[in-house]
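Peer 1: If it helps, the file is called start17.pdb and holds PDB, C-alpha atoms:
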```pdb
ATOM      1  CA  MET A  45       5.116 -20.973  -1.964
ATOM      2  CA  LYS A  46       6.325 -17.438  -2.721
ATOM      3  CA  ILE A  47       5.013 -15.006  -0.120
ATOM      4  CA  ALA A  48       5.582 -11.243  -0.217
ATOM      5  CA  VAL A  49       4.708  -8.319   2.007
ATOM      6  CA  TYR A  50       3.686  -4.977   0.506
ATOM      7  CA  PRO A  51       3.904  -2.519   3.426
ATOM      8  CA  GLY A  52       2.689   1.037   3.633
ATOM      9  CA  SER A  53       0.435   3.416   5.465
ATOM     10  CA  PHE A  54      -2.140   3.259   2.630
ATOM     11  CA  ASP A  55      -3.928   6.398   3.844
ATOM     12  CA  PRO A  56      -5.755   5.746   1.558
ATOM     13  CA  ILE A  57      -4.843   3.116  -1.024
ATOM     14  CA  THR A  58      -4.510   4.534  -4.555
ATOM     15  CA  ASN A  59      -4.619   3.111  -8.062
ATOM     16  CA  GLY A  60      -0.827   3.381  -8.018
ATOM     17  CA  HIS A  61      -0.677   1.013  -5.038
ATOM     18  CA  LEU A  62      -3.095  -1.361  -6.745
ATOM     19  CA  ASP A  63      -1.049  -1.269  -9.956
ATOM     20  CA  ILE A  64       1.963  -2.552  -8.008
ATOM     21  CA  VAL A  65      -0.152  -5.352  -6.512
ATOM     22  CA  TYR A  66      -1.569  -6.374  -9.910
ATOM     23  CA  ARG A  67       1.914  -6.487 -11.422
ATOM     24  CA  CYS A  68       3.091  -8.768  -8.608
ATOM     25  CA  LEU A  69       0.263 -11.319  -8.921
ATOM     26  CA  ASP A  70       2.160 -13.528 -11.369
ATOM     27  CA  ILE A  71       5.338 -13.385  -9.307
ATOM     28  CA  PHE A  72       4.023 -14.206  -5.825
ATOM     29  CA  ASP A  73       1.523 -16.779  -4.562
ATOM     30  CA  ILE A  74       0.394 -14.659  -1.619
ATOM     31  CA  ILE A  75       0.755 -10.903  -1.179
ATOM     32  CA  TYR A  76       0.140  -9.347   2.208
ATOM     33  CA  ILE A  77      -0.895  -5.723   2.000
ATOM     34  CA  ALA A  78       0.513  -4.805   5.386
ATOM     35  CA  ILE A  79      -0.778  -1.581   6.856
ATOM     36  CA  ALA A  80       1.907  -0.034   8.993
ATOM     37  CA  VAL A  81       1.703   2.163  12.028
ATOM     38  CA  ASN A  82       3.944   5.104  11.164
ATOM     39  CA  SER A  83       4.410   7.341  14.181
ATOM     40  CA  SER A  84       5.815  10.144  12.007
ATOM     41  CA  LYS A  85       2.660  10.390   9.854
ATOM     42  CA  LYS A  86      -0.670  11.912  10.794
ATOM     43  CA  THR A  87      -3.295   9.830   9.056
ATOM     44  CA  LEU A  88      -6.793  10.731   7.899
ATOM     45  CA  PHE A  89      -8.196   7.217   8.288
ATOM     46  CA  THR A  90      -7.745   5.009  11.352
ATOM     47  CA  LEU A  91      -5.954   1.672  11.000
ATOM     48  CA  GLU A  92      -9.305  -0.106  11.124
ATOM     49  CA  GLU A  93     -10.814   2.186   8.472
ATOM     50  CA  ARG A  94      -7.825   1.686   6.167
ATOM     51  CA  LYS A  95      -7.990  -2.096   6.564
ATOM     52  CA  GLU A  96     -11.735  -2.144   5.942
ATOM     53  CA  LEU A  97     -11.418   0.116   2.904
ATOM     54  CA  ILE A  98      -8.647  -1.967   1.331
ATOM     55  CA  GLU A  99     -10.573  -5.187   1.996
ATOM     56  CA  LYS A 100     -13.642  -3.660   0.334
ATOM     57  CA  VAL A 101     -11.570  -2.818  -2.764
ATOM     58  CA  ILE A 102      -9.837  -6.225  -2.836
ATOM     59  CA  ASN A 103     -13.120  -8.116  -2.429
ATOM     60  CA  THR A 104     -14.568  -6.489  -5.562
ATOM     61  CA  LYS A 105     -11.756  -7.882  -7.717
ATOM     62  CA  ALA A 106     -11.718 -11.685  -8.097
ATOM     63  CA  GLU A 107      -8.072 -11.877  -9.200
ATOM     64  CA  LEU A 108      -6.950  -9.998  -6.077
ATOM     65  CA  LYS A 109      -9.326 -11.738  -3.694
ATOM     66  CA  LYS A 110      -7.598 -15.102  -4.337
ATOM     67  CA  LYS A 111      -4.036 -14.015  -3.565
ATOM     68  CA  VAL A 112      -4.107 -10.845  -1.453
ATOM     69  CA  LYS A 113      -4.512 -10.627   2.311
ATOM     70  CA  VAL A 114      -4.902  -7.355   4.175
ATOM     71  CA  VAL A 115      -3.341  -7.081   7.631
ATOM     72  CA  VAL A 116      -2.232  -4.488  10.157
ATOM     73  CA  PHE A 117       1.175  -4.843  11.772
ATOM     74  CA  THR A 118       2.716  -2.924  14.631
ATOM     75  CA  ASN A 119       6.212  -4.378  14.929
ATOM     76  CA  LEU A 120       9.289  -4.187  12.712
ATOM     77  CA  LEU A 121       8.548  -5.002   9.091
ATOM     78  CA  VAL A 122      11.141  -7.769   8.904
ATOM     79  CA  ASN A 123       9.683  -9.375  12.034
ATOM     80  CA  PHE A 124       6.238  -9.341  10.463
ATOM     81  CA  ALA A 125       7.652 -10.801   7.234
ATOM     82  CA  LYS A 126       9.189 -13.649   9.232
ATOM     83  CA  GLU A 127       5.857 -14.278  11.007
ATOM     84  CA  VAL A 128       4.104 -14.871   7.673
ATOM     85  CA  ASN A 129       7.084 -16.692   6.089
ATOM     86  CA  ALA A 130       7.621 -13.975   3.486
ATOM     87  CA  LYS A 131      11.010 -13.832   1.833
ATOM     88  CA  THR A 132      10.282 -10.650  -0.112
ATOM     89  CA  ILE A 133       9.226  -7.093   0.652
ATOM     90  CA  ILE A 134       7.577  -5.242  -2.240
ATOM     91  CA  ARG A 135       8.285  -1.522  -2.620
ATOM     92  CA  GLY A 136       6.959   0.784  -5.321
ATOM     93  CA  ILE A 137       9.166   3.597  -6.573
ATOM     94  CA  ARG A 138       7.617   6.728  -8.130
ATOM     95  CA  ALA A 139      10.679   8.937  -8.477
ATOM     96  CA  VAL A 140      14.388   9.116  -7.734
ATOM     97  CA  THR A 141      13.636  10.687  -4.353
ATOM     98  CA  ASP A 142      11.582   7.601  -3.412
ATOM     99  CA  PHE A 143      14.527   5.393  -4.303
ATOM    100  CA  GLU A 144      16.921   7.163  -1.945
ATOM    101  CA  TYR A 145      14.527   6.722   0.977
ATOM    102  CA  GLU A 146      13.635   3.131   0.053
ATOM    103  CA  TYR A 147      17.277   2.173  -0.453
ATOM    104  CA  ALA A 148      18.138   3.312   3.080
ATOM    105  CA  ILE A 149      15.284   1.201   4.480
ATOM    106  CA  TYR A 150      16.406  -1.747   2.347
ATOM    107  CA  GLN A 151      19.905  -1.543   3.831
ATOM    108  CA  VAL A 152      18.566  -1.589   7.391
ATOM    109  CA  ASN A 153      16.194  -4.461   6.623
ATOM    110  CA  ARG A 154      19.062  -6.495   5.091
ATOM    111  CA  GLU A 155      21.100  -5.900   8.234
ATOM    112  CA  LEU A 156      18.221  -7.040  10.451
ATOM    113  CA  ALA A 157      17.113  -9.969   8.277
ATOM    114  CA  PRO A 158      19.525 -10.887   5.445
ATOM    115  CA  GLU A 159      17.253 -13.744   4.364
ATOM    116  CA  ILE A 160      14.515 -11.278   3.355
ATOM    117  CA  ASP A 161      15.024  -9.346   0.151
ATOM    118  CA  THR A 162      13.313  -6.281  -1.308
ATOM    119  CA  PHE A 163      11.648  -6.220  -4.715
ATOM    120  CA  PHE A 164      11.663  -2.668  -6.096
ATOM    121  CA  LEU A 165       9.081  -1.983  -8.785
ATOM    122  CA  MET A 166       8.932   1.286 -10.694
ATOM    123  CA  ALA A 167       5.528   2.946 -10.844
ATOM    124  CA  SER A 168       3.743   2.750 -14.166
ATOM    125  CA  ARG A 169       3.918   6.048 -16.033
ATOM    126  CA  GLU A 170       0.241   6.872 -15.482
ATOM    127  CA  TYR A 171       0.611   6.415 -11.708
ATOM    128  CA  SER A 172       4.074   7.887 -11.168
ATOM    129  CA  PHE A 173       2.746  11.170  -9.768
ATOM    130  CA  ILE A 174      -0.162   9.840  -7.697
ATOM    131  CA  SER A 175       0.104  10.008  -3.931
ATOM    132  CA  SER A 176      -2.337   9.552  -1.086
ATOM    133  CA  SER A 177      -1.534  13.112  -0.017
ATOM    134  CA  ILE A 178      -2.625  14.554  -3.352
ATOM    135  CA  ILE A 179      -5.944  12.710  -3.487
ATOM    136  CA  LYS A 180      -6.690  13.661   0.143
ATOM    137  CA  GLU A 181      -5.992  17.331  -0.560
ATOM    138  CA  VAL A 182      -8.274  17.382  -3.594
ATOM    139  CA  ALA A 183     -11.038  15.539  -1.695
ATOM    140  CA  ARG A 184     -10.745  18.033   1.169
ATOM    141  CA  TYR A 185     -12.303  20.544  -1.252
ATOM    142  CA  GLY A 186     -15.089  18.220  -2.401
ATOM    143  CA  LYS A 187     -13.521  16.961  -5.605
ATOM    144  CA  ILE A 188     -12.326  13.515  -6.579
ATOM    145  CA  LEU A 189      -9.875  12.362  -9.201
ATOM    146  CA  GLU A 190     -11.586   9.239 -10.515
ATOM    147  CA  ASN A 191      -8.471   7.747 -12.111
ATOM    148  CA  TYR A 192      -6.328   8.163  -8.996
ATOM    149  CA  ALA A 193      -8.178   5.904  -6.556
ATOM    150  CA  PRO A 194     -10.858   3.205  -6.572
ATOM    151  CA  GLN A 195     -14.470   4.369  -6.341
ATOM    152  CA  GLU A 196     -14.752   2.981  -2.785
ATOM    153  CA  VAL A 197     -11.844   5.180  -1.716
ATOM    154  CA  ASN A 198     -13.229   8.274  -3.448
ATOM    155  CA  GLN A 199     -16.571   7.809  -1.690
ATOM    156  CA  ALA A 200     -14.865   7.272   1.682
ATOM    157  CA  LEU A 201     -12.832  10.463   1.199
ATOM    158  CA  LEU A 202     -15.886  12.558   0.344
ATOM    159  CA  LYS A 203     -17.697  11.075   3.322
ATOM    160  CA  LYS A 204     -14.742  11.747   5.641
ATOM    161  CA  PHE A 205     -14.748  15.405   4.609
ATOM    162  CA  GLY A 206     -18.529  15.703   5.005
ATOM    163  CA  TYR A 207     -19.519  16.044   1.346
ATOM    164  CA  ILE A 208     -21.694  12.926   1.367
ATOM    165  CA  LYS A 209     -23.476  11.020   4.120
TER     166      LYS A 209
END
```
How would this structure read if it were set down as structure tokens?
Peer 2:
Amino acid sequence: MKIAVYPGSFDPITNGHLDIVYRCLDIFDIIYIAIAVNSSKKTLFTLEERKELIEKVINTKAELKKKVKVVVFTNLLVNFAKEVNAKTIIRGIRAVTDFEYEYAIYQVNRELAPEIDTFFLMASREYSFISSSIIKEVARYGKILENYAPQEVNQALLKKFGYIK
């Protein structure tokens, strides 16, 4: 069984993130969307809110529901991957600057766990400029970008910023 881990802060999950997951469905039997605790990032949603939101999105899509599991992890990524018997880490790349950062992490992960490899996937053109930061900033002013995030995420953002109850 081919198991992969797709880690990130997912604050919140975007259509770009989901595009990466969809494109990996035929490659992996199980994909763990692994929500990371990143001490260097200030998040809008709590870990629990992010997990709940991603699960809500996943559960509305039958093809994802069968193969995707949503988890929170608090240890090293490679240790988590070993816990779930994953041999692959999935990383999406939007731009050259992403690659430089991701490549450095890849090198460290290979040093820590040479049996676990990283699968780099370039963002689809229509999602190459989408980031959680951008959709949060737009939502802060009461607007949503419907094609950037799932409806559940857009509603949660507007609710978080007090535009809807």
Peer 1: Could you give me, as number ranges by chain, the residues that sit within 12 Å of (-4.3, 0.8, 5.6) in the file's coordinates, counting only C-alpha atoms?
Peer 2: A: 50-58, 61, 76-82, 87-101, 113-117, 176, 197
Peer 1: Which residues, written as a list in words, have at least one atom at most 10 Å from Val122 of chain A, with only C-alpha atoms counted and residues fewer than 3 positions away on the same chain left out?
Peer 2: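 The residues satisfying every condition are Val49, Asn119, Ala125, Lys126, Glu127, Ala130, Lys131, Thr132, Ile133, Val152, Asn153, Arg154, Leu156, Ala157, Pro158, Glu159, Ile160 and Asp161 of chain A.
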Peer 1: So, with all atoms listed in the file as the atoms that count, which of A:Val140, A:Ala48, A:Ile64, A:Ile149 lies closest to Leu165 of chain A?
Peer 2: A:Ile64
Peer 1: Using all atoms listed in the file, which residues sit within 10 Å of Glu170 of chain A once same-chain residues fewer than 4 positions away are excluded, as a list in words?
Peer 2: Asn59, Gly60, Asp63, Ile174, Asn191 and Tyr192 of chain A
Peer 1: Could you list, as a ChimeraX atom specification, every residue within 10 Å of Lys209 of chain A, counting only C-alpha atoms and ignoring same-chain residues fewer than 4 positions away?
Peer 2: /A:199-200,202-205
Peer 1: Could you check the closest approach to Glu144 of chain A for each of A:Asn198, A:Val65, A:Lys46, A:Phe164 and tell me which residue wins, using all atoms listed in the file?
Peer 2: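 Distance minimum relative to Glu144 of chain A lands on A:Phe164.
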Peer 1: Would you compute the box with edges along x, y and z of the file around segment 154-158 of chain A, including every atom the file lists for it and 4 Å extra on each side, and give its centre and edge lengths in Å to one decimal, as JSON?
Peer 2:
```
{"center_x": 19.1, "center_y": -8.4, "center_z": 7.8, "size_x": 12.0, "size_y": 13.0, "size_z": 13.4}
```
Peer 1: Translate the PyMOL selection byres ((chain A and resi 185) around 12) into a concrete residue list for this structure, as a list of chain:residue names.
Peer 2: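 Selected by the PyMOL selection byres ((chain A and resi 185) around 12) here: A:Ile178, A:Ile179, A:Lys180, A:Glu181, A:Val182, A:Ala183, A:Arg184, A:Gly186, A:Lys187, A:Ile188, A:Leu189, A:Leu201, A:Leu202, A:Lys203, A:Lys204, A:Phe205, A:Gly206, A:Tyr207.
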Peer 1: For a quick check of understanding, using only C-alpha atoms, which of A:Tyr66, A:Arg169, A:Ile75, A:Ala106 has the smallest distance to Ile137 of chain A?
Peer 2: A:Arg169
Peer 1: Using Å and a single decimal, report how far atom CA of Ala167 of chain A sits from atom CA of Tyr147 of chain A.
Peer 2: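 About the pair atom CA of Tyr147 of chain A and atom CA of Ala167 of chain A: they are 15.7 Å apart.
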Peer 1: Looking at A:Phe163, A:Tyr150, A:Tyr145, A:Phe124, which one is nearest to Arg67 of chain A, with distances taken over only C-alpha atoms?
Peer 2: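 Among the listed residues, the smallest separation from Arg67 of chain A belongs to A:Phe163.
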Peer 1: Any idea what the distance is between atom CA of Arg135 of chain A and atom CA of Ile74 of chain A?
Peer 2: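 Separation of atom CA of Arg135 of chain A and atom CA of Ile74 of chain A: 15.4 Å.
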Peer 1: Using all atoms listed in the file, which of A:Leu69, A:Lys111, A:Val128, A:Ala193 sits nearest Tyr171 of chain A?
Peer 2: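 Residue with the minimum atom-to-atom distance to Tyr171 of chain A: A:Ala193.
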